[in-house]
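I have placed the structure first, in the form of structure tokens, so that the comments after it can refer back to it.
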Amino acid sequence: LAPDPLNGGGMTGSDVPVKWEVAIDDKFRKVVREGAGFARAQLGHSVHVEVDGLKPNQVYYYRFQAGKEISPTGRTKTLPAYGSHVSKMTFAFASCQNYPTGYFTPYRHMAADELDLVFHLGDYIYEGPGPNQNTPSPRYHNGPEIITLGDYRNRYALYKSDSDLQAAHAKFPWVVAMDDHEVENNHAGLIPEANQPVEPFLARKTAAFQAYYENMPLRSASLPSGFTMQLYRHFNYGDLANVHVLDTRQFRDDQASGDGLKPPTPESTSMERSIMGEEQEQWLLSGLNQSQAQWNIIPQQVFFCKRDYLIGEGEEFSMDGWDGYSANRDRILGFAKQKNLSNLVVLTGDVHSNWACDIKADFNNPDSGILGAEFVGTSITSGGDGVDITDAQKAILAENPHIKFYNNQRGYVRCTATHESFQADYQIVPFVTRPGAGIFTRASFLMEKGKPGLQKIYDAAVTV
């Protein structure tokens with residue numbers, strides 16, 4: 001509840017009762033569940049309703065009432081029953097929406113799509129000040145770099161005011177995951193980015209976590225406790241997909257070698273290092289071991305496959321991605337190889353560009369088996385309009401033969417899973433620095449059961 005959203009919300013200090021309704025029609029003639037909760041002042045007057053007794057694999061509509069105010073209508077869909085036969089699952093994933101760098105046009109197109117759900121893989125907001133008002137920019141942040149709970153709340157309010165983002169939230173259920181900019185760029189666990197004092201950072205992280213919970217569709221199981229928050233979680237989509245949403249930011253060791261692009265070092269390759277923490281790693285391996293689904297889908301934040309930036313002899317990797325925690329990746333790949341898995345589907349954000357990669361059992365052995373695919377989605381706006389591909393990126397593709405595709409324009413990825421195949425369509429807009437862009441399928445890739453390796457089934461370069 002926020003009558004004055006950009007200035008602390010504008011509510012009084014007391015809790016406010018909120019009625020809610022869930023119906024099978026958008027006119028609410030057939031209400032199937034209703035009740036009341038409280039928008040808590042201590043949680044920024046947000047209310048999180050967990051509704052039970054709904055039918056599986058069913059579209060529902062919902063709305064809220066506070067006093068005389070009635071919210072717009074939202075649409076959602078429940079998961080299929082555990083283990084039930086599901087013939088198809090269609091979803092989108094997105095990440096990295098920097099408000100000043102462009103308009104959230106991709107969400108307007110996403111909202112017009114027919115999807116079962118949406119994954120958001122991080123960088124829902126950006127914590128920095130952005131350009132000042134004297135610098136030409138599509139849009140501007142509301143204030144300097146955010147530090148306090150009030151700062152974070154106002155920043156979420158700004159992003160939530162975007163009508164295209166609102167439309168995508170209203171149309172589909174979202175499964176959200178956090179990366180770094182929801183707190184601070186490239187932080188690692190309890191370690192701030194650039195040799196700052198830890199104590200102020202932990203206070204900042206506590207504020208960031210609370211504001212994230214207040215503004216996201218999260219269950220009470222994710223209610224933060226100070227600077228810790230349960231964000232990795234699991235669900236099944238009938239017999240079709242086993243989904244493990246990872247948290248690669250909260251439990252990681254510090255980036256090796258001072259972060260940035262570096263050759264591999266004893267630190268970055270150490271067996272002791274982890275990007276996900278031992279508990280989460282064992283949880284993931286246990287879940288993969290028990291999976292009976294057609295596809296093991298792993299939505300997460302940072303580049304998973306090996307990506308060597310150095311052309312020719314030697315290697316150079318991003319220390320912020322899984323290349324900086326290669327032993328952790330090797331443990332997962334080794335387990336998947338041992339279990340004869342070939343159905344891994346890793347979904348990734350963070351890098352503001354589109355990539356498609358074969359996941360190799362051993363990235364240092366081109367003849368090793370293929371365990372699945374990684375689909376890396378571009379940003380919603382971060383990086384501005386972008387270009388399709390440069391000669392430098394073509395050289396990186398040649399250096400990494402398991403990487404099959406690159407594109408540096410804005411958009412999202414639409415995915416369709418069946419029992420026979422998994423398809424990823426890279427949806428891009430030619431510009432975001434002004435509103436009104438159309439959307440195009442830049443490329444489509446297919447994984448077929450029993451045929452390891454990505455197949456490109458559509459390719460259409462798009463120009464402005």
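Ordered as shown in the structure tokens, chains take letters A, B, and onward, while each chain numbers its residues from 1 and ligands are numbered from 1 in the order shown.
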
Subject >> Near-Gly349 (chain A) list (12 Å; only C-alpha atoms; drop same-chain fewer than 6 positions) as a ChimeraX atom specification >> reply: /A:93-97,119-124,177-180,248,298-304,321,355-356,374-380,382,410-413

Subject >> Shell around Met447 (chain A) at 10 Å using only C-alpha atoms, local window under 2 positions removed, as a ChimeraX atom specification >> reply: /A:343,345,358,372-373,417,420-424,445,449-456

**OP:** Just the strand (DSSP E or B) stuff from region 14-209 of chain A, please, per backbone DSSP, written as a PyMOL selection string.
**Re:** chain A and resi 16-23+31-40+46+59-66+69-70+74-77+88-94+117-120+174-176+188+191

Selected residues written out, N, CA and C atoms, as a tab-separated table (two decimals), in the first residue's frame:
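Resulting contents of part.tsv:
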```tsv
chain	number	residue	atom	x	y	z
A	16	VAL	N	-2.62	-2.32	8.33
A	16	VAL	CA	-3.87	-2.05	7.63
A	16	VAL	C	-4.48	-3.36	7.14
A	17	PRO	N	-5.74	-3.64	7.47
A	17	PRO	CA	-6.36	-4.86	6.96
A	17	PRO	C	-6.57	-4.79	5.45
A	18	VAL	N	-6.29	-5.90	4.80
A	18	VAL	CA	-6.44	-6.00	3.34
A	18	VAL	C	-7.25	-7.25	3.02
A	19	LYS	N	-8.34	-7.07	2.33
A	19	LYS	CA	-9.12	-8.21	1.86
A	19	LYS	C	-8.55	-8.71	0.53
A	20	TRP	N	-8.68	-10.02	0.31
A	20	TRP	CA	-8.21	-10.58	-0.96
A	20	TRP	C	-9.24	-11.59	-1.48
A	21	GLU	N	-9.27	-11.71	-2.80
A	21	GLU	CA	-10.16	-12.65	-3.46
A	21	GLU	C	-9.40	-13.39	-4.57
A	22	VAL	N	-9.70	-14.67	-4.73
A	22	VAL	CA	-9.19	-15.47	-5.84
A	22	VAL	C	-10.39	-16.06	-6.56
A	23	ALA	N	-10.43	-15.89	-7.87
A	23	ALA	CA	-11.58	-16.34	-8.67
A	23	ALA	C	-11.10	-17.07	-9.91
A	31	VAL	N	-15.85	-16.60	-7.19
A	31	VAL	CA	-14.76	-16.50	-6.22
A	31	VAL	C	-14.61	-17.86	-5.52
A	32	VAL	N	-13.39	-18.39	-5.52
A	32	VAL	CA	-13.17	-19.72	-4.92
A	32	VAL	C	-12.43	-19.64	-3.58
A	33	ARG	N	-11.72	-18.57	-3.34
A	33	ARG	CA	-11.05	-18.36	-2.05
A	33	ARG	C	-11.07	-16.87	-1.75
A	34	GLU	N	-11.26	-16.55	-0.48
A	34	GLU	CA	-11.19	-15.14	-0.06
A	34	GLU	C	-10.79	-15.09	1.40
A	35	GLY	N	-10.28	-13.95	1.79
A	35	GLY	CA	-9.85	-13.80	3.17
A	35	GLY	C	-9.32	-12.41	3.41
A	36	ALA	N	-8.63	-12.26	4.52
A	36	ALA	CA	-8.06	-10.96	4.88
A	36	ALA	C	-6.70	-11.16	5.51
A	37	GLY	N	-5.82	-10.23	5.28
A	37	GLY	CA	-4.51	-10.22	5.91
A	37	GLY	C	-4.20	-8.80	6.31
A	38	PHE	N	-3.01	-8.61	6.83
A	38	PHE	CA	-2.60	-7.26	7.23
A	38	PHE	C	-1.39	-6.81	6.42
A	39	ALA	N	-1.48	-5.60	5.89
A	39	ALA	CA	-0.31	-4.94	5.33
A	39	ALA	C	0.47	-4.35	6.51
A	40	ARG	N	1.57	-4.99	6.83
A	40	ARG	CA	2.31	-4.65	8.05
A	40	ARG	C	3.18	-3.42	7.86
A	46	SER	N	3.41	-4.03	3.06
A	46	SER	CA	3.20	-5.10	2.07
A	46	SER	C	2.43	-6.23	2.72
A	59	VAL	N	-5.61	-21.69	-14.14
A	59	VAL	CA	-5.49	-20.23	-14.16
A	59	VAL	C	-6.49	-19.63	-13.17
A	60	TYR	N	-6.01	-18.67	-12.39
A	60	TYR	CA	-6.87	-17.95	-11.45
A	60	TYR	C	-6.62	-16.45	-11.58
A	61	TYR	N	-7.58	-15.68	-11.06
A	61	TYR	CA	-7.47	-14.22	-11.02
A	61	TYR	C	-7.57	-13.77	-9.57
A	62	TYR	N	-6.89	-12.69	-9.23
A	62	TYR	CA	-6.87	-12.24	-7.84
A	62	TYR	C	-6.90	-10.72	-7.78
A	63	ARG	N	-7.37	-10.23	-6.63
A	63	ARG	CA	-7.35	-8.78	-6.40
A	63	ARG	C	-7.39	-8.53	-4.90
A	64	PHE	N	-7.07	-7.30	-4.54
A	64	PHE	CA	-7.01	-6.89	-3.14
A	64	PHE	C	-7.92	-5.68	-2.92
A	65	GLN	N	-8.37	-5.52	-1.67
A	65	GLN	CA	-9.14	-4.33	-1.31
A	65	GLN	C	-8.64	-3.80	0.02
A	66	ALA	N	-8.32	-2.52	0.07
A	66	ALA	CA	-7.94	-1.84	1.31
A	66	ALA	C	-8.80	-0.60	1.44
A	69	GLU	N	-10.38	1.21	-1.67
A	69	GLU	CA	-9.54	1.02	-2.85
A	69	GLU	C	-9.50	-0.45	-3.26
A	70	ILE	N	-9.70	-0.71	-4.54
A	70	ILE	CA	-9.59	-2.07	-5.08
A	70	ILE	C	-8.45	-2.09	-6.09
A	74	GLY	N	-4.99	-9.27	-11.00
A	74	GLY	CA	-3.84	-10.07	-11.40
A	74	GLY	C	-4.29	-11.44	-11.88
A	75	ARG	N	-3.47	-12.03	-12.71
A	75	ARG	CA	-3.72	-13.37	-13.23
A	75	ARG	C	-2.56	-14.26	-12.82
A	76	THR	N	-2.86	-15.48	-12.41
A	76	THR	CA	-1.78	-16.40	-12.03
A	76	THR	C	-2.16	-17.81	-12.48
A	77	LYS	N	-1.28	-18.76	-12.21
A	77	LYS	CA	-1.54	-20.15	-12.57
A	77	LYS	C	-0.86	-21.04	-11.55
A	88	LYS	N	3.26	-30.01	-21.86
A	88	LYS	CA	4.04	-28.84	-22.29
A	88	LYS	C	4.13	-27.82	-21.17
A	89	MET	N	5.23	-27.11	-21.14
A	89	MET	CA	5.48	-26.02	-20.21
A	89	MET	C	6.12	-24.88	-21.00
A	90	THR	N	5.55	-23.69	-20.90
A	90	THR	CA	6.10	-22.53	-21.61
A	90	THR	C	6.37	-21.43	-20.60
A	91	PHE	N	7.58	-20.91	-20.62
A	91	PHE	CA	7.94	-19.87	-19.66
A	91	PHE	C	8.93	-18.91	-20.30
A	92	ALA	N	9.14	-17.80	-19.62
A	92	ALA	CA	10.16	-16.83	-20.04
A	92	ALA	C	11.10	-16.60	-18.87
A	93	PHE	N	12.33	-16.19	-19.18
A	93	PHE	CA	13.21	-15.71	-18.13
A	93	PHE	C	13.86	-14.41	-18.54
A	94	ALA	N	14.11	-13.57	-17.54
A	94	ALA	CA	14.61	-12.22	-17.77
A	94	ALA	C	15.52	-11.83	-16.63
A	117	LEU	N	4.70	-19.33	-16.59
A	117	LEU	CA	5.35	-18.60	-15.52
A	117	LEU	C	6.54	-17.83	-16.04
A	118	VAL	N	7.10	-16.98	-15.19
A	118	VAL	CA	8.27	-16.16	-15.52
A	118	VAL	C	9.32	-16.36	-14.43
A	119	PHE	N	10.56	-16.55	-14.85
A	119	PHE	CA	11.69	-16.53	-13.93
A	119	PHE	C	12.40	-15.19	-14.06
A	120	HIS	N	12.68	-14.55	-12.92
A	120	HIS	CA	13.55	-13.38	-12.94
A	120	HIS	C	14.84	-13.75	-12.22
A	174	TRP	N	5.45	-15.18	-11.02
A	174	TRP	CA	6.89	-14.98	-11.16
A	174	TRP	C	7.63	-15.79	-10.09
A	175	VAL	N	8.75	-16.36	-10.50
A	175	VAL	CA	9.69	-17.00	-9.58
A	175	VAL	C	10.96	-16.15	-9.62
A	176	VAL	N	11.28	-15.52	-8.50
A	176	VAL	CA	12.35	-14.52	-8.50
A	176	VAL	C	13.60	-15.05	-7.78
A	188	ALA	N	30.11	-10.48	-2.38
A	188	ALA	CA	30.25	-11.94	-2.25
A	188	ALA	C	29.91	-12.32	-0.82
A	191	ILE	N	30.87	-10.10	2.12
A	191	ILE	CA	32.03	-9.28	1.74
A	191	ILE	C	31.59	-8.23	0.74
```

Original post:
Expressed in Å to a single decimal, how great is the separation between CA of Glu316 (chain A) and CA of Lys262 (chain A)?
Top reply: 5.0 Å

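Considering the residues A:Trp295, A:Tyr458, A:Phe317, A:Phe431 and counting only C-alpha atoms, Ala241 (chain A) has its shortest atom-to-atom contact with A:Trp295.
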
Subject >> Neighbour list for Ile370 (chain A) as a count of residues only, cut-off 9 Å, only C-alpha atoms, skip fewer than 5 positions in-chain >> reply: 10

Subject >> alpha helix (DSSP H) per DSSP on the backbone: members of region 262-373 of chain A, as a list in words >> reply: Glu278, Glu279, Gln280, Glu281, Gln282, Trp283, Leu284, Leu285, Ser286, Gly287, Leu288, Asn289, Gln290, Ser326, Ala327, Asn328, Arg329, Asp330, Arg331, Ile332, Leu333, Gly334, Phe335, Ala336, Lys337 and Gln338 of chain A

The selected residues should be written to file as an mmCIF file, in the first residue's frame (atoms: N, CA, C and O atoms).
```cif
data_model
loop_
_atom_site.group_PDB
_atom_site.id
_atom_site.type_symbol
_atom_site.label_atom_id
_atom_site.label_comp_id
_atom_site.auth_asym_id
_atom_site.auth_seq_id
_atom_site.Cartn_x
_atom_site.Cartn_y
_atom_site.Cartn_z
ATOM 1 N N GLU A 278 28.325 -25.250 0.796
ATOM 2 C CA GLU A 278 28.238 -26.710 0.838
ATOM 3 C C GLU A 278 26.799 -27.191 1.008
ATOM 4 O O GLU A 278 26.365 -28.158 0.369
ATOM 5 N N GLU A 279 26.022 -26.519 1.854
ATOM 6 C CA GLU A 279 24.651 -26.976 2.113
ATOM 7 C C GLU A 279 23.793 -26.913 0.856
ATOM 8 O O GLU A 279 23.067 -27.860 0.529
ATOM 9 N N GLN A 280 23.887 -25.801 0.131
ATOM 10 C CA GLN A 280 23.105 -25.665 -1.097
ATOM 11 C C GLN A 280 23.584 -26.651 -2.164
ATOM 12 O O GLN A 280 22.777 -27.209 -2.913
ATOM 13 N N GLU A 281 24.882 -26.885 -2.226
ATOM 14 C CA GLU A 281 25.418 -27.833 -3.202
ATOM 15 C C GLU A 281 24.875 -29.235 -2.960
ATOM 16 O O GLU A 281 24.435 -29.917 -3.900
ATOM 17 N N GLN A 282 24.875 -29.673 -1.704
ATOM 18 C CA GLN A 282 24.356 -31.004 -1.398
ATOM 19 C C GLN A 282 22.857 -31.082 -1.659
ATOM 20 O O GLN A 282 22.349 -32.118 -2.112
ATOM 21 N N TRP A 283 22.140 -30.004 -1.389
ATOM 22 C CA TRP A 283 20.707 -29.925 -1.693
ATOM 23 C C TRP A 283 20.463 -30.100 -3.191
ATOM 24 O O TRP A 283 19.559 -30.841 -3.611
ATOM 25 N N LEU A 284 21.269 -29.427 -4.022
ATOM 26 C CA LEU A 284 21.119 -29.541 -5.471
ATOM 27 C C LEU A 284 21.425 -30.957 -5.944
ATOM 28 O O LEU A 284 20.648 -31.543 -6.720
ATOM 29 N N LEU A 285 22.535 -31.525 -5.489
ATOM 30 C CA LEU A 285 22.917 -32.872 -5.934
ATOM 31 C C LEU A 285 21.884 -33.903 -5.492
ATOM 32 O O LEU A 285 21.554 -34.827 -6.242
ATOM 33 N N SER A 286 21.363 -33.743 -4.297
ATOM 34 C CA SER A 286 20.324 -34.648 -3.818
ATOM 35 C C SER A 286 19.072 -34.542 -4.689
ATOM 36 O O SER A 286 18.452 -35.557 -5.044
ATOM 37 N N GLY A 287 18.708 -33.317 -5.043
ATOM 38 C CA GLY A 287 17.539 -33.114 -5.890
ATOM 39 C C GLY A 287 17.711 -33.689 -7.274
ATOM 40 O O GLY A 287 16.789 -34.285 -7.842
ATOM 41 N N LEU A 288 18.920 -33.538 -7.843
ATOM 42 C CA LEU A 288 19.191 -34.126 -9.154
ATOM 43 C C LEU A 288 19.169 -35.648 -9.082
ATOM 44 O O LEU A 288 18.694 -36.328 -9.999
ATOM 45 N N ASN A 289 19.677 -36.181 -7.989
ATOM 46 C CA ASN A 289 19.732 -37.632 -7.818
ATOM 47 C C ASN A 289 18.331 -38.241 -7.766
ATOM 48 O O ASN A 289 18.099 -39.345 -8.275
ATOM 49 N N GLN A 290 17.388 -37.518 -7.159
ATOM 50 C CA GLN A 290 16.039 -38.045 -6.998
ATOM 51 C C GLN A 290 15.121 -37.720 -8.171
ATOM 52 O O GLN A 290 14.002 -38.239 -8.251
ATOM 53 N N SER A 326 35.714 -22.935 -10.365
ATOM 54 C CA SER A 326 35.643 -24.056 -11.310
ATOM 55 C C SER A 326 35.512 -25.410 -10.618
ATOM 56 O O SER A 326 34.878 -26.326 -11.157
ATOM 57 N N ALA A 327 36.073 -25.568 -9.425
ATOM 58 C CA ALA A 327 35.968 -26.851 -8.734
ATOM 59 C C ALA A 327 34.519 -27.133 -8.335
ATOM 60 O O ALA A 327 34.063 -28.283 -8.386
ATOM 61 N N ASN A 328 33.785 -26.092 -7.940
ATOM 62 C CA ASN A 328 32.375 -26.249 -7.611
ATOM 63 C C ASN A 328 31.600 -26.723 -8.843
ATOM 64 O O ASN A 328 30.779 -27.640 -8.772
ATOM 65 N N ARG A 329 31.883 -26.109 -9.973
ATOM 66 C CA ARG A 329 31.238 -26.538 -11.224
ATOM 67 C C ARG A 329 31.618 -27.972 -11.572
ATOM 68 O O ARG A 329 30.755 -28.771 -11.973
ATOM 69 N N ASP A 330 32.884 -28.304 -11.406
ATOM 70 C CA ASP A 330 33.342 -29.656 -11.742
ATOM 71 C C ASP A 330 32.642 -30.711 -10.887
ATOM 72 O O ASP A 330 32.358 -31.815 -11.363
ATOM 73 N N ARG A 331 32.352 -30.371 -9.624
ATOM 74 C CA ARG A 331 31.653 -31.336 -8.774
ATOM 75 C C ARG A 331 30.242 -31.603 -9.303
ATOM 76 O O ARG A 331 29.768 -32.750 -9.300
ATOM 77 N N ILE A 332 29.583 -30.562 -9.753
ATOM 78 C CA ILE A 332 28.228 -30.727 -10.298
ATOM 79 C C ILE A 332 28.279 -31.508 -11.609
ATOM 80 O O ILE A 332 27.493 -32.439 -11.833
ATOM 81 N N LEU A 333 29.221 -31.159 -12.480
ATOM 82 C CA LEU A 333 29.343 -31.864 -13.752
ATOM 83 C C LEU A 333 29.729 -33.324 -13.546
ATOM 84 O O LEU A 333 29.216 -34.212 -14.240
ATOM 85 N N GLY A 334 30.624 -33.558 -12.599
ATOM 86 C CA GLY A 334 31.034 -34.934 -12.309
ATOM 87 C C GLY A 334 29.867 -35.777 -11.817
ATOM 88 O O GLY A 334 29.712 -36.942 -12.200
ATOM 89 N N PHE A 335 29.038 -35.185 -10.990
ATOM 90 C CA PHE A 335 27.861 -35.889 -10.483
ATOM 91 C C PHE A 335 26.885 -36.185 -11.627
ATOM 92 O O PHE A 335 26.355 -37.298 -11.737
ATOM 93 N N ALA A 336 26.649 -35.185 -12.491
ATOM 94 C CA ALA A 336 25.733 -35.376 -13.613
ATOM 95 C C ALA A 336 26.242 -36.456 -14.563
ATOM 96 O O ALA A 336 25.462 -37.275 -15.067
ATOM 97 N N LYS A 337 27.545 -36.462 -14.797
ATOM 98 C CA LYS A 337 28.129 -37.498 -15.663
ATOM 99 C C LYS A 337 27.964 -38.874 -15.033
ATOM 100 O O LYS A 337 27.593 -39.854 -15.706
ATOM 101 N N GLN A 338 28.235 -38.970 -13.730
ATOM 102 C CA GLN A 338 28.104 -40.235 -13.011
ATOM 103 C C GLN A 338 26.676 -40.772 -13.102
ATOM 104 O O GLN A 338 26.461 -41.982 -13.212
#
```

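Ranking A:Asn215, A:Asn7, A:Asn340, A:Thr105 by their shortest atom-to-atom distance to His45 (chain A), with only C-alpha atoms included, puts A:Asn215 first.
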